[in-house]
Amino acid sequence: MSSGTLVRGIVVAHADLAEAMVEAVRSIADPDPDALVAVTNVGRSPDAIADAIREAEGTGPAIVFTDLPTGSCGIAARRVCQEDTAFAMICGVNLPVLLDFVTHRGMPLDELVQRLVDRAHAGIACVPVQQYGDVGGSVQG
């Protein structure tokens with residue numbers, strides 16, 4: 001199901017995390033270069049981060065992905081998303097979410113957001129070590 005408009009992703013995170021995540025997605029999935037934009041908080045106040053998010057929006061709907069729900073990135077993203085109904089915000093972004101986003105960004109914004117939140121939950125799992133045997137060896141004292 002497609003809304004006809006591609007949603008843009010804006011990854012907002014501390015230090016170099018946003019750029020690293022965007023580059024990881026690009027190396028794995030080779031999406032449209034405009035699909036994801038990285039915004040760092042380095043050297044920026046919350047107001048300056050909010051301005052960078054607005055600048056990265058382009059035209060049409062956008063999802064702002066943040067590393068944390070609070071802090072300078074989360075506060076700035078929340079402010080921008082409250083101002084514009086074409087924005088949605090997803091906190092705690094991870095690689096499975098961004099990979100799913102770039103392959104489903106033609107979905108309507110509300111459906112896409114729910115899909116990505118579900119994907120975020122599914123992307124976090126505990127894998128029992130016993131399944132793979134002794135992978136770490138023993139620690140000598």
# chains A, B, ... in the order shown; residues from 1 in each chain; ligands from 1

call {"tool": "residues_around", "arguments": {"residues": "range 97-109 of chain A", "least_positions_apart": "6", "cutoff": "10 Å", "atoms": "only C-alpha atoms", "output": "PyMOL selection string"}}
result
chain A and resi 1-9+11+21-22+24-26+28-32+35-36+61-63+65+86-88+90+115-123

call {"tool": "select_by_dssp", "arguments": {"residues": "chain A", "states": "strand (DSSP E)", "output": "PDB file with N, CA and C atoms, in the first residue's frame"}}
result
ATOM      1  N   ARG A   8      10.510  10.788   4.432  1.00  0.00           N
ATOM      2  CA  ARG A   8      11.943  11.003   4.645  1.00  0.00           C
ATOM      3  C   ARG A   8      12.283  10.671   6.092  1.00  0.00           C
ATOM      4  N   GLY A   9      13.448  10.093   6.313  1.00  0.00           N
ATOM      5  CA  GLY A   9      13.911   9.785   7.655  1.00  0.00           C
ATOM      6  C   GLY A   9      15.018  10.731   8.068  1.00  0.00           C
ATOM      7  N   ILE A  10      14.894  11.242   9.283  1.00  0.00           N
ATOM      8  CA  ILE A  10      15.909  12.141   9.835  1.00  0.00           C
ATOM      9  C   ILE A  10      16.397  11.502  11.130  1.00  0.00           C
ATOM     10  N   VAL A  11      17.649  11.065  11.129  1.00  0.00           N
ATOM     11  CA  VAL A  11      18.228  10.400  12.297  1.00  0.00           C
ATOM     12  C   VAL A  11      18.971  11.451  13.104  1.00  0.00           C
ATOM     13  N   VAL A  12      18.515  11.665  14.341  1.00  0.00           N
ATOM     14  CA  VAL A  12      19.086  12.686  15.211  1.00  0.00           C
ATOM     15  C   VAL A  12      19.674  11.985  16.425  1.00  0.00           C
ATOM     16  N   ALA A  13      20.985  12.150  16.620  1.00  0.00           N
ATOM     17  CA  ALA A  13      21.630  11.419  17.712  1.00  0.00           C
ATOM     18  C   ALA A  13      22.865  12.150  18.219  1.00  0.00           C
ATOM     19  N   LEU A  36      17.437   8.990   3.987  1.00  0.00           N
ATOM     20  CA  LEU A  36      17.854   9.256   5.359  1.00  0.00           C
ATOM     21  C   LEU A  36      18.843  10.410   5.423  1.00  0.00           C
ATOM     22  N   VAL A  37      18.661  11.239   6.426  1.00  0.00           N
ATOM     23  CA  VAL A  37      19.563  12.353   6.679  1.00  0.00           C
ATOM     24  C   VAL A  37      20.027  12.236   8.125  1.00  0.00           C
ATOM     25  N   ALA A  38      21.309  12.462   8.370  1.00  0.00           N
ATOM     26  CA  ALA A  38      21.859  12.407   9.725  1.00  0.00           C
ATOM     27  C   ALA A  38      22.008  13.817  10.294  1.00  0.00           C
ATOM     28  N   VAL A  39      21.618  13.968  11.557  1.00  0.00           N
ATOM     29  CA  VAL A  39      21.777  15.237  12.269  1.00  0.00           C
ATOM     30  C   VAL A  39      22.442  14.925  13.604  1.00  0.00           C
ATOM     31  N   THR A  40      23.542  15.584  13.888  1.00  0.00           N
ATOM     32  CA  THR A  40      24.243  15.403  15.159  1.00  0.00           C
ATOM     33  C   THR A  40      23.921  16.555  16.106  1.00  0.00           C
ATOM     34  N   ALA A  62       7.857  13.267   7.245  1.00  0.00           N
ATOM     35  CA  ALA A  62       9.161  12.806   7.727  1.00  0.00           C
ATOM     36  C   ALA A  62       8.998  12.141   9.086  1.00  0.00           C
ATOM     37  N   ILE A  63       9.861  11.168   9.331  1.00  0.00           N
ATOM     38  CA  ILE A  63       9.958  10.563  10.656  1.00  0.00           C
ATOM     39  C   ILE A  63      11.311  10.972  11.220  1.00  0.00           C
ATOM     40  N   VAL A  64      11.281  11.506  12.435  1.00  0.00           N
ATOM     41  CA  VAL A  64      12.502  11.862  13.129  1.00  0.00           C
ATOM     42  C   VAL A  64      12.825  10.702  14.069  1.00  0.00           C
ATOM     43  N   PHE A  65      13.953  10.060  13.821  1.00  0.00           N
ATOM     44  CA  PHE A  65      14.418   8.946  14.635  1.00  0.00           C
ATOM     45  C   PHE A  65      15.456   9.493  15.608  1.00  0.00           C
ATOM     46  N   THR A  66      15.262   9.267  16.897  1.00  0.00           N
ATOM     47  CA  THR A  66      16.241   9.745  17.877  1.00  0.00           C
ATOM     48  C   THR A  66      16.834   8.575  18.650  1.00  0.00           C
ATOM     49  N   PHE A  87       5.264  15.416  10.630  1.00  0.00           N
ATOM     50  CA  PHE A  87       6.380  14.780  11.317  1.00  0.00           C
ATOM     51  C   PHE A  87       5.866  13.749  12.308  1.00  0.00           C
ATOM     52  N   ALA A  88       6.610  12.672  12.445  1.00  0.00           N
ATOM     53  CA  ALA A  88       6.397  11.707  13.519  1.00  0.00           C
ATOM     54  C   ALA A  88       7.759  11.498  14.174  1.00  0.00           C
ATOM     55  N   MET A  89       7.758  10.992  15.402  1.00  0.00           N
ATOM     56  CA  MET A  89       9.019  10.795  16.119  1.00  0.00           C
ATOM     57  C   MET A  89       9.068   9.378  16.667  1.00  0.00           C
ATOM     58  N   ILE A  90      10.191   8.700  16.448  1.00  0.00           N
ATOM     59  CA  ILE A  90      10.431   7.379  17.010  1.00  0.00           C
ATOM     60  C   ILE A  90      11.739   7.436  17.782  1.00  0.00           C
ATOM     61  N   CYS A  91      11.665   7.100  19.074  1.00  0.00           N
ATOM     62  CA  CYS A  91      12.844   7.128  19.948  1.00  0.00           C
ATOM     63  C   CYS A  91      13.448   5.745  20.060  1.00  0.00           C
TER      64      CYS A  91
END

call {"tool": "select_by_dssp", "arguments": {"residues": "chain A", "states": "alpha helix (DSSP H)", "output": "VMD selection string"}}
result
chain A and resid 17 to 29 46 to 57 71 to 83 95 to 104 109 to 122

call {"tool": "atom_distance", "arguments": {"atom1": "CA of Glu19 in chain A", "atom2": "CA of Cys126 in chain A"}}
result
26.6 Å

call {"tool": "closest_residue", "arguments": {"among": "A:Asn94, A:Gln114, A:Gln130, A:Ser72", "to": "Arg44 in chain A", "atoms": "only C-alpha atoms"}}
result
A:Ser72

call {"tool": "decode", "arguments": {"residues": "range 43-86 of chain A", "atoms": "N, CA and C atoms", "output": "PDB file, in the first residue's frame"}}
result
ATOM      1  N   GLY A  43      28.064  20.474  19.059  1.00  0.00           N
ATOM      2  CA  GLY A  43      28.198  21.907  18.864  1.00  0.00           C
ATOM      3  C   GLY A  43      26.883  22.636  18.659  1.00  0.00           C
ATOM      4  N   ARG A  44      25.755  21.990  18.976  1.00  0.00           N
ATOM      5  CA  ARG A  44      24.451  22.608  18.739  1.00  0.00           C
ATOM      6  C   ARG A  44      23.622  22.648  20.025  1.00  0.00           C
ATOM      7  N   SER A  45      22.940  23.734  20.207  1.00  0.00           N
ATOM      8  CA  SER A  45      21.949  23.845  21.276  1.00  0.00           C
ATOM      9  C   SER A  45      20.684  23.117  20.820  1.00  0.00           C
ATOM     10  N   PRO A  46      19.734  22.858  21.726  1.00  0.00           N
ATOM     11  CA  PRO A  46      18.468  22.260  21.285  1.00  0.00           C
ATOM     12  C   PRO A  46      17.770  23.078  20.189  1.00  0.00           C
ATOM     13  N   ASP A  47      17.861  24.394  20.249  1.00  0.00           N
ATOM     14  CA  ASP A  47      17.266  25.229  19.197  1.00  0.00           C
ATOM     15  C   ASP A  47      17.965  25.010  17.859  1.00  0.00           C
ATOM     16  N   ALA A  48      19.281  24.907  17.881  1.00  0.00           N
ATOM     17  CA  ALA A  48      20.040  24.682  16.644  1.00  0.00           C
ATOM     18  C   ALA A  48      19.781  23.280  16.087  1.00  0.00           C
ATOM     19  N   ILE A  49      19.591  22.301  16.972  1.00  0.00           N
ATOM     20  CA  ILE A  49      19.252  20.953  16.510  1.00  0.00           C
ATOM     21  C   ILE A  49      17.880  20.981  15.844  1.00  0.00           C
ATOM     22  N   ALA A  50      16.931  21.663  16.467  1.00  0.00           N
ATOM     23  CA  ALA A  50      15.583  21.782  15.883  1.00  0.00           C
ATOM     24  C   ALA A  50      15.648  22.442  14.506  1.00  0.00           C
ATOM     25  N   ASP A  51      16.468  23.465  14.363  1.00  0.00           N
ATOM     26  CA  ASP A  51      16.633  24.122  13.054  1.00  0.00           C
ATOM     27  C   ASP A  51      17.207  23.155  12.025  1.00  0.00           C
ATOM     28  N   ALA A  52      18.181  22.344  12.438  1.00  0.00           N
ATOM     29  CA  ALA A  52      18.781  21.360  11.524  1.00  0.00           C
ATOM     30  C   ALA A  52      17.759  20.304  11.111  1.00  0.00           C
ATOM     31  N   ILE A  53      16.890  19.912  12.022  1.00  0.00           N
ATOM     32  CA  ILE A  53      15.829  18.949  11.691  1.00  0.00           C
ATOM     33  C   ILE A  53      14.882  19.561  10.662  1.00  0.00           C
ATOM     34  N   ARG A  54      14.460  20.784  10.897  1.00  0.00           N
ATOM     35  CA  ARG A  54      13.563  21.463   9.944  1.00  0.00           C
ATOM     36  C   ARG A  54      14.206  21.591   8.569  1.00  0.00           C
ATOM     37  N   GLU A  55      15.486  21.902   8.541  1.00  0.00           N
ATOM     38  CA  GLU A  55      16.214  22.037   7.282  1.00  0.00           C
ATOM     39  C   GLU A  55      16.312  20.693   6.553  1.00  0.00           C
ATOM     40  N   ALA A  56      16.453  19.615   7.310  1.00  0.00           N
ATOM     41  CA  ALA A  56      16.585  18.285   6.714  1.00  0.00           C
ATOM     42  C   ALA A  56      15.257  17.737   6.206  1.00  0.00           C
ATOM     43  N   GLU A  57      14.161  18.311   6.633  1.00  0.00           N
ATOM     44  CA  GLU A  57      12.840  17.773   6.300  1.00  0.00           C
ATOM     45  C   GLU A  57      12.596  17.666   4.807  1.00  0.00           C
ATOM     46  N   GLY A  58      12.958  18.689   4.054  1.00  0.00           N
ATOM     47  CA  GLY A  58      12.606  18.687   2.640  1.00  0.00           C
ATOM     48  C   GLY A  58      11.120  18.941   2.498  1.00  0.00           C
ATOM     49  N   THR A  59      10.483  18.261   1.554  1.00  0.00           N
ATOM     50  CA  THR A  59       9.039  18.408   1.385  1.00  0.00           C
ATOM     51  C   THR A  59       8.366  17.086   1.689  1.00  0.00           C
ATOM     52  N   GLY A  60       7.178  17.149   2.194  1.00  0.00           N
ATOM     53  CA  GLY A  60       6.439  15.938   2.501  1.00  0.00           C
ATOM     54  C   GLY A  60       6.663  15.464   3.914  1.00  0.00           C
ATOM     55  N   PRO A  61       6.120  14.284   4.214  1.00  0.00           N
ATOM     56  CA  PRO A  61       6.189  13.770   5.576  1.00  0.00           C
ATOM     57  C   PRO A  61       7.586  13.284   5.939  1.00  0.00           C
ATOM     58  N   ALA A  62       7.857  13.267   7.245  1.00  0.00           N
ATOM     59  CA  ALA A  62       9.161  12.806   7.727  1.00  0.00           C
ATOM     60  C   ALA A  62       8.998  12.141   9.086  1.00  0.00           C
ATOM     61  N   ILE A  63       9.861  11.168   9.331  1.00  0.00           N
ATOM     62  CA  ILE A  63       9.958  10.563  10.656  1.00  0.00           C
ATOM     63  C   ILE A  63      11.311  10.972  11.220  1.00  0.00           C
ATOM     64  N   VAL A  64      11.281  11.506  12.435  1.00  0.00           N
ATOM     65  CA  VAL A  64      12.502  11.862  13.129  1.00  0.00           C
ATOM     66  C   VAL A  64      12.825  10.702  14.069  1.00  0.00           C
ATOM     67  N   PHE A  65      13.953  10.060  13.821  1.00  0.00           N
ATOM     68  CA  PHE A  65      14.418   8.946  14.635  1.00  0.00           C
ATOM     69  C   PHE A  65      15.456   9.493  15.608  1.00  0.00           C
ATOM     70  N   THR A  66      15.262   9.267  16.897  1.00  0.00           N
ATOM     71  CA  THR A  66      16.241   9.745  17.877  1.00  0.00           C
ATOM     72  C   THR A  66      16.834   8.575  18.650  1.00  0.00           C
ATOM     73  N   ASP A  67      18.025   8.807  19.180  1.00  0.00           N
ATOM     74  CA  ASP A  67      18.663   7.773  19.988  1.00  0.00           C
ATOM     75  C   ASP A  67      18.001   7.672  21.356  1.00  0.00           C
ATOM     76  N   LEU A  68      17.635   8.797  21.936  1.00  0.00           N
ATOM     77  CA  LEU A  68      17.022   8.834  23.261  1.00  0.00           C
ATOM     78  C   LEU A  68      15.755   9.690  23.225  1.00  0.00           C
ATOM     79  N   PRO A  69      14.800   9.415  24.106  1.00  0.00           N
ATOM     80  CA  PRO A  69      13.585  10.236  24.110  1.00  0.00           C
ATOM     81  C   PRO A  69      13.776  11.602  24.771  1.00  0.00           C
ATOM     82  N   THR A  70      14.861  11.752  25.518  1.00  0.00           N
ATOM     83  CA  THR A  70      15.130  13.022  26.194  1.00  0.00           C
ATOM     84  C   THR A  70      16.510  13.521  25.783  1.00  0.00           C
ATOM     85  N   GLY A  71      17.033  14.480  26.495  1.00  0.00           N
ATOM     86  CA  GLY A  71      18.317  15.065  26.134  1.00  0.00           C
ATOM     87  C   GLY A  71      18.125  16.048  24.995  1.00  0.00           C
ATOM     88  N   SER A  72      19.199  16.621  24.534  1.00  0.00           N
ATOM     89  CA  SER A  72      19.104  17.673  23.511  1.00  0.00           C
ATOM     90  C   SER A  72      18.455  17.184  22.226  1.00  0.00           C
ATOM     91  N   CYS A  73      18.772  15.965  21.789  1.00  0.00           N
ATOM     92  CA  CYS A  73      18.205  15.433  20.541  1.00  0.00           C
ATOM     93  C   CYS A  73      16.717  15.176  20.678  1.00  0.00           C
ATOM     94  N   GLY A  74      16.326  14.506  21.747  1.00  0.00           N
ATOM     95  CA  GLY A  74      14.919  14.194  21.961  1.00  0.00           C
ATOM     96  C   GLY A  74      14.066  15.426  22.167  1.00  0.00           C
ATOM     97  N   ILE A  75      14.571  16.389  22.914  1.00  0.00           N
ATOM     98  CA  ILE A  75      13.824  17.622  23.164  1.00  0.00           C
ATOM     99  C   ILE A  75      13.620  18.400  21.863  1.00  0.00           C
ATOM    100  N   ALA A  76      14.675  18.527  21.079  1.00  0.00           N
ATOM    101  CA  ALA A  76      14.571  19.253  19.805  1.00  0.00           C
ATOM    102  C   ALA A  76      13.614  18.547  18.847  1.00  0.00           C
ATOM    103  N   ALA A  77      13.724  17.236  18.754  1.00  0.00           N
ATOM    104  CA  ALA A  77      12.851  16.477  17.857  1.00  0.00           C
ATOM    105  C   ALA A  77      11.395  16.594  18.290  1.00  0.00           C
ATOM    106  N   ARG A  78      11.148  16.487  19.566  1.00  0.00           N
ATOM    107  CA  ARG A  78       9.781  16.605  20.090  1.00  0.00           C
ATOM    108  C   ARG A  78       9.186  17.967  19.741  1.00  0.00           C
ATOM    109  N   ARG A  79       9.978  19.000  19.891  1.00  0.00           N
ATOM    110  CA  ARG A  79       9.515  20.356  19.582  1.00  0.00           C
ATOM    111  C   ARG A  79       9.116  20.466  18.108  1.00  0.00           C
ATOM    112  N   VAL A  80       9.950  19.974  17.216  1.00  0.00           N
ATOM    113  CA  VAL A  80       9.666  20.051  15.782  1.00  0.00           C
ATOM    114  C   VAL A  80       8.419  19.237  15.439  1.00  0.00           C
ATOM    115  N   CYS A  81       8.304  18.048  16.004  1.00  0.00           N
ATOM    116  CA  CYS A  81       7.163  17.178  15.692  1.00  0.00           C
ATOM    117  C   CYS A  81       5.849  17.744  16.218  1.00  0.00           C
ATOM    118  N   GLN A  82       5.898  18.493  17.307  1.00  0.00           N
ATOM    119  CA  GLN A  82       4.683  19.121  17.830  1.00  0.00           C
ATOM    120  C   GLN A  82       4.223  20.281  16.954  1.00  0.00           C
ATOM    121  N   GLU A  83       5.151  20.891  16.235  1.00  0.00           N
ATOM    122  CA  GLU A  83       4.826  22.032  15.371  1.00  0.00           C
ATOM    123  C   GLU A  83       4.223  21.618  14.037  1.00  0.00           C
ATOM    124  N   ASP A  84       4.480  20.406  13.591  1.00  0.00           N
ATOM    125  CA  ASP A  84       4.137  20.016  12.223  1.00  0.00           C
ATOM    126  C   ASP A  84       3.562  18.601  12.207  1.00  0.00           C
ATOM    127  N   THR A  85       2.322  18.460  11.741  1.00  0.00           N
ATOM    128  CA  THR A  85       1.676  17.145  11.714  1.00  0.00           C
ATOM    129  C   THR A  85       2.252  16.235  10.634  1.00  0.00           C
ATOM    130  N   ALA A  86       3.116  16.745   9.770  1.00  0.00           N
ATOM    131  CA  ALA A  86       3.773  15.904   8.759  1.00  0.00           C
ATOM    132  C   ALA A  86       4.987  15.184   9.349  1.00  0.00           C
TER     133      ALA A  86
END
